[in-house]
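Q: Quick one, query21.txt (compact mmCIF, C-alpha atoms):
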```
# COMPACT_ATOMS: atom_id res chain seq x y z
CA MET A 68 25.98 -23.26 -23.24
CA GLU A 69 25.80 -21.29 -26.50
CA ILE A 70 22.03 -20.99 -26.17
CA HIS A 71 22.41 -19.65 -22.62
CA THR A 72 25.00 -17.10 -23.76
CA LEU A 73 22.78 -15.94 -26.60
CA GLN A 74 19.89 -15.64 -24.14
CA LEU A 75 22.00 -13.45 -21.87
CA LEU A 76 23.14 -11.22 -24.73
CA SER A 77 19.66 -10.87 -26.23
CA THR A 78 18.23 -9.96 -22.81
CA ALA A 79 20.97 -7.38 -22.29
CA CYS A 80 20.35 -5.93 -25.74
CA GLY A 81 16.59 -5.78 -25.15
CA LEU A 82 16.96 -4.01 -21.81
CA GLY A 83 19.46 -1.58 -23.31
CA LEU A 84 17.08 -0.81 -26.17
CA LEU A 85 14.23 -0.23 -23.72
CA VAL A 86 16.19 2.28 -21.64
CA GLY A 87 17.84 3.78 -24.73
CA LEU A 88 14.44 4.36 -26.31
CA GLN A 89 13.35 6.38 -23.31
CA ARG A 90 16.58 8.41 -23.25
CA GLU A 91 16.30 9.07 -27.00
CA ARG A 92 12.75 10.37 -26.55
CA ALA A 93 14.02 12.56 -23.68
CA ASP A 94 16.60 14.11 -26.08
CA SER A 95 19.59 12.97 -24.03
CA GLU A 96 22.84 14.48 -25.31
CA VAL A 97 25.00 11.71 -23.82
CA ALA A 98 23.50 8.36 -24.83
CA GLY A 99 20.42 7.13 -26.65
CA ILE A 100 18.86 4.29 -28.58
CA ARG A 101 22.18 2.90 -29.88
CA THR A 102 24.50 3.66 -26.98
CA PHE A 103 22.54 2.03 -24.19
CA PRO A 104 22.29 -1.40 -25.82
CA LEU A 105 26.06 -1.25 -26.39
CA ILE A 106 26.69 -0.28 -22.76
CA THR A 107 24.51 -3.13 -21.45
CA LEU A 108 26.04 -5.63 -23.89
CA SER A 109 29.49 -4.48 -22.79
CA GLY A 110 28.57 -5.26 -19.20
CA THR A 111 27.41 -8.76 -20.17
CA MET A 112 30.48 -9.43 -22.32
CA THR A 113 32.94 -8.30 -19.67
CA GLY A 114 31.01 -10.38 -17.13
CA LEU A 115 31.37 -13.44 -19.34
CA LEU A 116 35.07 -12.76 -19.98
CA SER A 117 35.78 -12.25 -16.29
CA GLN A 118 34.64 -15.82 -15.62
CA SER A 119 37.67 -17.01 -17.59
CA PHE A 120 40.21 -14.22 -17.14
CA GLY A 121 39.38 -12.85 -13.68
CA GLY A 122 37.49 -9.99 -12.16
CA TRP A 123 39.97 -7.36 -13.40
CA VAL A 124 38.26 -7.50 -16.81
CA LEU A 125 34.94 -6.48 -15.33
CA ALA A 126 36.58 -3.77 -13.19
CA ALA A 127 38.43 -2.37 -16.21
CA GLY A 128 35.23 -2.34 -18.26
CA PHE A 129 33.35 -0.49 -15.55
CA LEU A 130 36.12 2.10 -15.17
CA ALA A 131 36.20 2.61 -18.93
CA ILE A 132 32.44 3.24 -19.09
CA ALA A 133 32.69 5.53 -16.07
CA ALA A 134 35.48 7.53 -17.70
CA MET A 135 33.47 7.94 -20.89
CA MET A 136 30.40 9.05 -18.95
CA ILE A 137 32.42 11.58 -16.93
CA SER A 138 33.96 12.97 -20.13
CA ALA A 139 30.55 13.23 -21.79
CA SER A 140 29.21 15.01 -18.70
CA PHE A 141 31.99 17.64 -18.83
CA ILE A 142 31.43 18.23 -22.54
CA LYS A 143 27.69 18.54 -21.98
CA GLN A 144 28.11 21.16 -19.26
CA ARG A 145 30.51 23.21 -21.39
CA LYS A 146 27.89 23.36 -24.13
CA ASN A 147 25.28 24.57 -21.62
CA TYR A 148 23.17 21.42 -21.84
CA ASP A 149 21.11 20.13 -18.93
CA PRO A 150 23.64 19.59 -16.09
CA GLY A 151 21.67 16.63 -14.66
CA LEU A 152 23.50 13.33 -14.25
CA THR A 153 20.55 10.98 -14.84
CA THR A 154 21.81 9.61 -18.15
CA GLU A 155 25.36 9.15 -16.87
CA VAL A 156 24.24 7.28 -13.76
CA THR A 157 21.82 5.20 -15.85
CA GLY A 158 24.65 4.23 -18.17
CA LEU A 159 26.78 2.96 -15.27
CA PHE A 160 23.82 1.08 -13.86
CA MET A 161 22.99 -0.57 -17.17
CA PHE A 162 26.61 -1.72 -17.51
CA ALA A 163 26.37 -3.25 -14.02
CA LEU A 164 23.01 -4.79 -14.90
CA GLY A 165 24.49 -6.36 -18.01
CA ALA A 166 27.25 -7.90 -15.88
CA TYR A 167 24.72 -9.09 -13.30
CA LEU A 168 22.88 -11.11 -15.93
CA CYS A 169 25.91 -13.42 -16.11
CA ILE A 170 25.65 -14.49 -12.48
CA GLY A 171 22.14 -13.58 -11.35
CA SER A 172 18.51 -14.19 -12.25
CA LEU A 173 17.26 -13.15 -15.67
CA THR A 174 13.88 -12.41 -14.12
CA VAL A 175 15.43 -10.01 -11.59
CA GLY A 176 17.46 -8.40 -14.36
CA VAL A 177 14.40 -7.84 -16.55
CA VAL A 178 12.44 -6.40 -13.61
CA LEU A 179 15.29 -4.01 -12.75
CA GLY A 180 15.66 -2.90 -16.35
CA GLY A 181 11.93 -2.28 -16.64
CA LEU A 182 11.94 -0.38 -13.35
CA VAL A 183 14.74 1.89 -14.58
CA ALA A 184 12.80 2.66 -17.77
CA VAL A 185 9.64 3.45 -15.82
CA LEU A 186 11.49 5.73 -13.38
CA LEU A 187 13.05 7.63 -16.26
CA GLN A 188 9.71 8.01 -18.02
CA LEU A 189 7.96 9.26 -14.85
CA LYS A 190 10.39 12.17 -14.43
CA ASP A 191 7.84 14.97 -14.88
CA TYR A 192 5.18 13.21 -12.83
CA LEU A 193 7.54 12.50 -9.93
CA HIS A 194 8.83 16.06 -9.95
CA THR A 195 5.22 17.32 -9.84
CA VAL A 196 4.44 15.06 -6.88
CA VAL A 197 7.50 16.29 -4.97
CA ARG A 198 6.65 19.92 -5.68
CA LYS A 199 3.18 19.35 -4.22
CA MET A 200 4.66 17.99 -1.00
CA GLY A 201 5.17 20.38 1.87
CA ASP A 202 7.44 20.09 4.88
CA HIS A 203 4.63 18.32 6.75
CA ASP A 204 4.48 15.59 4.08
CA ILE A 205 8.26 15.12 4.07
CA HIS A 206 8.13 14.75 7.83
CA ALA A 207 5.38 12.13 7.38
CA ILE A 208 7.65 10.05 5.15
CA MET A 209 10.56 10.40 7.56
CA ARG A 210 8.34 9.34 10.45
CA PHE A 211 7.30 6.24 8.53
CA VAL A 212 10.98 5.49 7.90
CA ALA A 213 11.56 5.79 11.65
CA ILE A 214 8.58 3.55 12.41
CA ALA A 215 9.53 0.87 9.88
CA LEU A 216 13.33 0.96 9.61
CA VAL A 217 14.54 2.37 12.93
CA ILE A 218 12.13 1.25 15.65
CA LEU A 219 11.08 -2.15 14.26
CA PRO A 220 14.54 -3.76 13.87
CA ILE A 221 15.59 -3.01 17.47
CA LEU A 222 12.51 -4.51 19.15
CA PRO A 223 12.87 -7.98 20.74
CA ASP A 224 11.24 -10.80 18.80
CA GLN A 225 9.98 -12.92 21.71
CA ASN A 226 6.77 -13.35 23.66
CA TYR A 227 6.03 -11.70 27.00
CA GLY A 228 3.17 -11.25 29.43
CA PRO A 229 0.12 -13.36 30.28
CA TYR A 230 -0.55 -16.19 27.84
CA GLN A 231 2.73 -15.30 26.10
CA VAL A 232 0.90 -13.34 23.36
CA LEU A 233 2.69 -9.98 23.58
CA ASN A 234 5.58 -9.91 21.12
CA PRO A 235 7.00 -6.35 20.75
CA PHE A 236 8.44 -7.02 17.28
CA ASP A 237 5.23 -8.62 16.02
CA ILE A 238 3.05 -5.87 17.49
CA TRP A 239 5.11 -3.11 15.88
CA ARG A 240 5.26 -5.01 12.59
CA MET A 241 1.48 -4.84 12.47
CA VAL A 242 1.70 -1.11 13.16
CA VAL A 243 4.04 -0.77 10.17
CA ILE A 244 1.59 -2.66 7.91
CA ILE A 245 -1.39 -0.50 8.86
CA VAL A 246 0.53 2.80 8.79
CA GLY A 247 2.02 1.83 5.41
CA ILE A 248 -1.41 1.19 3.87
CA SER A 249 -2.76 4.42 5.36
CA LEU A 250 0.29 6.38 4.13
CA PHE A 251 -0.36 5.10 0.61
CA GLY A 252 -3.90 6.45 0.84
CA TYR A 253 -2.63 9.74 2.27
CA ALA A 254 -0.18 10.11 -0.63
CA ALA A 255 -3.04 9.58 -3.08
CA TYR A 256 -5.07 12.19 -1.20
CA LYS A 257 -2.25 14.75 -1.52
CA VAL A 258 -1.88 14.09 -5.25
CA PHE A 259 -5.56 13.99 -6.24
CA ARG A 260 -7.14 16.27 -3.66
CA GLU A 261 -7.76 19.16 -6.03
CA THR A 262 -9.37 17.03 -8.74
CA ALA A 263 -11.00 14.25 -6.71
CA GLY A 264 -14.73 13.75 -7.08
CA THR A 265 -16.99 11.76 -4.81
CA LEU A 266 -15.86 8.34 -6.06
CA LEU A 267 -12.16 8.97 -5.61
CA ALA A 268 -12.72 10.79 -2.33
CA GLY A 269 -14.51 7.76 -0.90
CA ILE A 270 -11.93 5.29 -2.16
CA ILE A 271 -8.97 7.25 -0.79
CA GLY A 272 -10.82 7.89 2.46
CA GLY A 273 -11.31 4.14 2.87
CA LEU A 274 -7.59 3.55 2.47
CA ILE A 275 -6.73 6.12 5.12
CA SER A 276 -9.61 5.71 7.60
CA SER A 277 -13.27 5.08 6.82
CA THR A 278 -14.23 6.33 10.30
CA ALA A 279 -12.38 9.63 9.83
CA THR A 280 -13.99 10.01 6.39
CA THR A 281 -17.43 9.43 7.89
CA VAL A 282 -16.86 12.08 10.55
CA SER A 283 -15.52 14.60 8.01
CA TYR A 284 -18.43 14.26 5.61
CA ALA A 285 -21.02 14.14 8.40
CA ARG A 286 -19.83 17.51 9.71
CA ARG A 287 -20.15 18.96 6.22
CA THR A 288 -23.86 18.17 6.12
CA LYS A 289 -24.75 19.81 9.45
CA GLY A 290 -27.30 22.43 8.45
CA ALA A 291 -26.84 21.57 4.77
CA PRO A 292 -29.21 18.70 3.91
CA GLY A 293 -28.56 19.19 0.18
CA ALA A 294 -25.07 17.74 0.66
CA ALA A 295 -26.41 14.50 2.16
CA PRO A 296 -26.66 12.44 -1.09
CA LEU A 297 -23.01 13.00 -2.03
CA ALA A 298 -21.80 12.69 1.55
CA SER A 299 -23.63 9.39 2.05
CA LEU A 300 -22.10 8.02 -1.17
CA ALA A 301 -18.58 9.00 -0.09
CA ILE A 302 -19.12 7.43 3.35
CA MET A 303 -20.46 4.21 1.80
CA LEU A 304 -17.55 4.02 -0.63
CA ALA A 305 -15.02 4.49 2.17
CA SER A 306 -16.61 1.68 4.17
CA THR A 307 -16.68 -0.52 1.06
CA VAL A 308 -12.98 -0.03 0.42
CA ALA A 309 -12.36 -0.82 4.09
CA PHE A 310 -13.57 -4.39 3.46
CA LEU A 311 -11.13 -4.75 0.59
CA ARG A 312 -8.41 -3.41 2.88
CA ILE A 313 -9.34 -6.00 5.51
CA SER A 314 -8.98 -8.79 2.94
CA VAL A 315 -5.52 -7.52 1.97
CA VAL A 316 -4.43 -7.30 5.61
CA PHE A 317 -5.59 -10.87 6.22
CA ALA A 318 -3.63 -12.08 3.20
CA LEU A 319 -0.49 -10.32 4.49
CA VAL A 320 -0.75 -11.63 8.04
CA ALA A 321 -1.93 -15.18 7.31
CA PRO A 322 -1.00 -15.93 3.67
CA GLU A 323 -1.37 -19.70 4.02
CA GLN A 324 -5.02 -19.34 5.09
CA ALA A 325 -5.84 -16.49 2.71
CA MET A 326 -8.06 -18.68 0.51
CA VAL A 327 -10.26 -19.42 3.53
CA LEU A 328 -10.20 -15.94 5.10
CA ALA A 329 -10.50 -13.68 2.08
CA PRO A 330 -13.45 -15.06 -0.02
CA PRO A 331 -16.28 -14.32 2.46
CA LEU A 332 -14.91 -10.86 3.21
CA PHE A 333 -14.48 -10.19 -0.51
CA THR A 334 -18.11 -11.30 -0.98
CA MET A 335 -19.08 -8.69 1.61
CA PHE A 336 -17.03 -6.17 -0.37
CA LEU A 337 -19.03 -7.05 -3.50
CA LEU A 338 -22.32 -6.59 -1.59
CA MET A 339 -21.15 -3.20 -0.34
CA SER A 340 -20.07 -2.32 -3.89
CA ALA A 341 -23.56 -3.14 -5.19
CA ILE A 342 -25.14 -0.87 -2.56
CA SER A 343 -22.63 1.86 -3.45
CA ALA A 344 -23.50 1.51 -7.15
CA PHE A 345 -27.20 1.92 -6.32
CA MET A 346 -26.43 5.05 -4.33
CA TYR A 347 -24.18 6.37 -7.11
CA PHE A 348 -26.91 6.23 -9.75
CA ARG A 349 -29.29 8.02 -7.39
CA ARG A 350 -26.84 10.80 -6.57
CA SER A 351 -27.16 14.46 -7.53
CA GLY A 352 -24.36 16.97 -8.05
CA GLU A 353 -20.62 16.49 -7.79
CA ALA A 354 -18.18 16.85 -4.93
CA THR A 355 -15.81 19.76 -5.29
CA GLU A 356 -13.13 18.89 -2.78
CA MET A 357 -12.08 16.14 -0.42
CA PRO A 358 -12.33 16.90 3.30
CA GLU A 359 -9.07 17.37 5.15
CA GLN A 360 -7.39 14.07 6.03
CA GLY A 361 -5.13 13.53 9.01
CA ASN A 362 -1.53 12.40 8.70
CA PRO A 363 -1.45 8.61 9.43
CA THR A 364 2.25 8.55 10.41
CA GLU A 365 2.04 10.56 13.61
CA LEU A 366 4.12 8.67 16.17
CA GLY A 367 1.49 9.16 18.86
CA SER A 368 -1.18 7.57 16.65
CA ALA A 369 1.15 4.66 15.84
CA ILE A 370 1.85 4.05 19.52
CA PHE A 371 -1.87 4.24 20.31
CA PHE A 372 -2.67 1.68 17.62
CA GLY A 373 0.14 -0.57 18.86
CA GLY A 374 -1.32 -0.39 22.38
CA LEU A 375 -4.82 -1.08 21.06
CA TYR A 376 -3.59 -4.07 19.08
CA ALA A 377 -1.76 -5.44 22.14
CA ALA A 378 -4.90 -4.99 24.25
CA VAL A 379 -7.01 -6.83 21.69
CA LEU A 380 -4.43 -9.63 21.52
CA LEU A 381 -4.59 -10.06 25.27
CA ALA A 382 -8.39 -9.78 25.35
CA VAL A 383 -8.73 -12.43 22.63
CA ALA A 384 -6.40 -14.78 24.51
CA VAL A 385 -8.33 -14.30 27.79
CA ALA A 386 -11.74 -14.67 26.12
CA LYS A 387 -10.70 -17.84 24.32
CA ALA A 388 -9.24 -19.34 27.50
CA TYR A 389 -12.26 -18.65 29.72
CA PHE A 390 -15.25 -18.50 27.36
CA GLY A 391 -14.16 -20.33 24.19
CA ASP A 392 -14.91 -19.02 20.71
CA GLU A 393 -18.20 -17.45 21.86
CA GLY A 394 -16.33 -15.00 24.09
CA LEU A 395 -14.31 -13.80 21.13
CA TYR A 396 -17.38 -12.28 19.51
CA VAL A 397 -17.87 -9.95 22.49
CA VAL A 398 -14.27 -8.77 22.06
CA ALA A 399 -14.88 -8.29 18.32
CA ILE A 400 -18.00 -6.18 18.90
CA ILE A 401 -16.28 -3.93 21.45
CA SER A 402 -13.01 -3.49 19.54
CA GLY A 403 -14.88 -2.98 16.26
CA LEU A 404 -16.58 0.13 17.62
CA THR A 405 -13.34 2.08 17.28
CA ASP A 406 -11.05 0.08 14.99
CA VAL A 407 -11.36 -3.06 12.84
CA ASP A 408 -7.65 -3.36 12.01
CA ALA A 409 -6.67 -4.48 15.51
CA ILE A 410 -9.06 -7.47 15.63
CA THR A 411 -8.18 -8.28 12.00
CA LEU A 412 -4.48 -8.43 12.77
CA SER A 413 -4.89 -10.34 16.04
CA SER A 414 -7.22 -12.89 14.45
CA GLY A 415 -4.92 -13.36 11.46
CA ARG A 416 -1.94 -13.81 13.79
CA MET A 417 -3.73 -16.49 15.81
CA VAL A 418 -4.79 -18.29 12.63
CA ASN A 419 -1.20 -18.19 11.37
CA GLN A 420 0.01 -19.69 14.67
CA GLY A 421 -2.70 -22.38 14.71
CA GLY A 422 -4.49 -20.95 17.74
CA LEU A 423 -7.74 -20.05 15.95
CA ASP A 424 -9.79 -21.70 13.22
CA ALA A 425 -9.89 -19.67 10.00
CA ALA A 426 -13.69 -19.99 9.76
CA VAL A 427 -14.02 -18.40 13.21
CA ALA A 428 -11.45 -15.70 12.40
CA TRP A 429 -13.22 -14.19 9.41
CA ARG A 430 -16.53 -14.27 11.27
CA LEU A 431 -14.90 -12.37 14.13
CA VAL A 432 -13.61 -9.74 11.75
CA LEU A 433 -16.97 -9.45 9.98
CA THR A 434 -18.66 -9.05 13.38
CA ALA A 435 -16.22 -6.23 14.24
CA ALA A 436 -16.82 -4.61 10.85
CA ILE A 437 -20.61 -4.67 11.35
CA SER A 438 -20.08 -3.17 14.81
CA ASN A 439 -17.98 -0.46 13.18
CA LEU A 440 -20.77 0.26 10.66
CA ALA A 441 -23.16 0.78 13.57
CA PHE A 442 -20.69 3.17 15.22
CA LYS A 443 -20.28 5.19 12.01
CA ALA A 444 -24.04 5.35 11.48
CA GLY A 445 -24.36 6.73 15.01
CA SER A 446 -21.67 9.31 14.18
CA THR A 447 -23.73 10.61 11.27
CA LEU A 448 -26.73 10.99 13.58
CA VAL A 449 -24.74 13.01 16.13
CA LEU A 450 -22.54 15.05 13.80
CA GLY A 451 -24.50 15.38 10.56
CA ASP A 452 -27.87 16.22 9.13
CA ARG A 453 -30.75 13.88 9.91
CA SER A 454 -31.23 13.09 6.20
CA LEU A 455 -27.64 11.84 6.05
CA PHE A 456 -28.32 9.46 8.93
CA TYR A 457 -31.37 8.06 7.14
CA ARG A 458 -29.39 7.41 3.96
CA VAL A 459 -26.30 5.98 5.66
CA GLY A 460 -28.38 4.03 8.17
CA ALA A 461 -30.40 2.37 5.40
CA ALA A 462 -27.26 1.47 3.43
CA PHE A 463 -25.34 0.19 6.45
CA GLY A 464 -28.43 -1.66 7.68
CA ALA A 465 -28.76 -3.53 4.39
CA ALA A 466 -25.04 -4.34 4.44
CA SER A 467 -25.22 -5.55 8.03
CA ILE A 468 -28.14 -7.86 7.27
CA GLY A 469 -26.16 -9.26 4.35
CA GLY A 470 -23.13 -9.75 6.61
CA VAL A 471 -25.17 -11.66 9.21
CA LEU A 472 -26.65 -13.90 6.52
CA LEU A 473 -23.14 -14.46 5.18
CA MET A 474 -21.90 -15.63 8.59
CA VAL A 475 -24.86 -17.98 9.01
CA PHE A 476 -25.02 -19.57 5.58
CA TRP A 477 -21.41 -19.48 4.34
CA PRO A 478 -20.25 -23.11 3.92
CA GLU A 479 -17.62 -24.32 6.37
```
Could the structure of this file be written out as structure tokens, please?
A:
Amino acid sequence: MEIHTLQLLSTACGLGLLVGLQRERADSEVAGIRTFPLITLSGTMTGLLSQSFGGWVLAAGFLAIAAMMISASFIKQRKNYDPGLTTEVTGLFMFALGAYLCIGSLTVGVVLGGLVAVLLQLKDYLHTVVRKMGDHDIHAIMRFVAIALVILPILPDQNYGPYQVLNPFDIWRMVVIIVGISLFGYAAYKVFRETAGTLLAGIIGGLISSTATTVSYARRTKGAPGAAPLASLAIMLASTVAFLRISVVFALVAPEQAMVLAPPLFTMFLLMSAISAFMYFRRSGEATEMPEQGNPTELGSAIFFGGLYAAVLLAVAVAKAYFGDEGLYVVAIISGLTDVDAITLSSGRMVNQGGLDAAVAWRLVLTAAISNLAFKAGSTLVLGDRSLFYRVGAAFGAASIGGVLLMVFWPE
């Protein structure tokens, strides 16, 4: 018992020192390197005492800390110091965190304490990010909130339609996953757009949409063959990152089969990376700016993807029922022309439910991805300079041959 108590107190002291160190470096006028450990220790001590004397001890301790923080805030404002309340709120939180350690998980407490310290340290960076955001970006975040936290919870979680494969909640949950990953890439694009070179442009483009990135860079090379080397590298990088994205999506949808689904796709990612590295060392010049990227949280786009995913789900169920696993490859080729995420999600869902073998699932997704590479190569021929098509076609052709060999010779 004494060892456990000492462990609680030492953890509280350590977390208080961590946060206090940051506040001291930030020149806080209210609390610093000594005060925060005392606040957190006070929370732990009152939490321990309340176990014997009742919850009023903890409530009294919290009110006392709150009163001191309010007083310090008034004094600070009278002396024309920074009127922000970050330190005061942090002090109250650290007291509560110290009390939580008595009844909760030490791991959770340590994570929360570390998170608070990181948030405090990232003040200038976070403010810079917010200042770079326009009304359009704020609306994008709010739309994602609506998609994930408003629409999703009210959808029925039961199967409908032919073959009982259309589950509104499950379909929209997949929409949330894909839009969330794309929104992360879009946020990176907004932050790094002005300084991004070819490498970063390709990586971020792959997170948002490798197809959209291909179209954007292809249009840039129309009538400008000198831009083809950099454009082809960015397109190849975006498609490479797309394979890593597919592996992550598989792991999210079918975590129990991730060790079967992910390795071959990750091997394909490594092959694509090797081709990208070859193209990188043969490049010339540097990219000056990323092409404009579309907002991935548009409600219309989300609904379209949800409809596409539902259509692929139904098509997979029909093909499997009438033609067996062979029919699924036709669905994969057709759906992969426009979007790989839909067949990835539907295959992962069927694997998770036991309706599809994992070895067949990753081959389906790889087939769709190769189909998508062919579609993007065709886009460069139609929209870009002929030299871009030659470069992208050669790279995608080598990757496709590697993918076919992977499907044939990968051990079951």
Q: Please identify all polymer residues lying at most 12 Å from the point (-17.5, -19.4, 10.8) (file coordinates), using only C-alpha atoms, and present the result as a list of chain:residue names.
A: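 Those residues, ordered by chain and then number, are A:Val327, A:Leu328, A:Pro331, A:Leu332, A:Asp392, A:Glu393, A:Tyr396, A:Leu423, A:Asp424, A:Ala425, A:Ala426, A:Val427, A:Ala428, A:Trp429, A:Arg430, A:Leu431, A:Val432, A:Leu433, A:Thr434, A:Gly470, A:Val471, A:Leu472, A:Leu473, A:Met474, A:Val475, A:Phe476, A:Trp477, A:Pro478, A:Glu479.
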Q: Go through A:Ala163, A:Leu380, A:Ala369, A:Leu73 and flag the residue nearest A:Phe211, using all atoms listed in the file for the distances.
A: A:Ala369
Q: What does the distance from atom CA of A:Phe162 to atom CA of A:Ile106 come to in Å, to one decimal?
A: 5.4 Å
Q: Excluding stretch 404-415 of chain A and any residue of its chain fewer than 6 positions from it, enumerate the residues within 7 Å of it, using all atoms listed in the file, and give them as a list in words.
A: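 Returned residues: Met241, Ile313, Phe317, Val320, Ala321, Leu375, Tyr376, Val379, Leu380, Ala428, Val432, Ala435, Ala436, Ser438, Asn439 and Phe442 of chain A.
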Q: Suppose you want the space between atom CA of A:Leu189 and atom CA of A:Gly87; what is it in Å?
A: 15.0 Å
Q: Using only C-alpha atoms for the distances, tell me which of A:Ile208, A:Leu455, A:Ala79, A:Ile468 is nearest to A:Arg287.
A: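 Result for the nearest residue to A:Arg287: A:Leu455.
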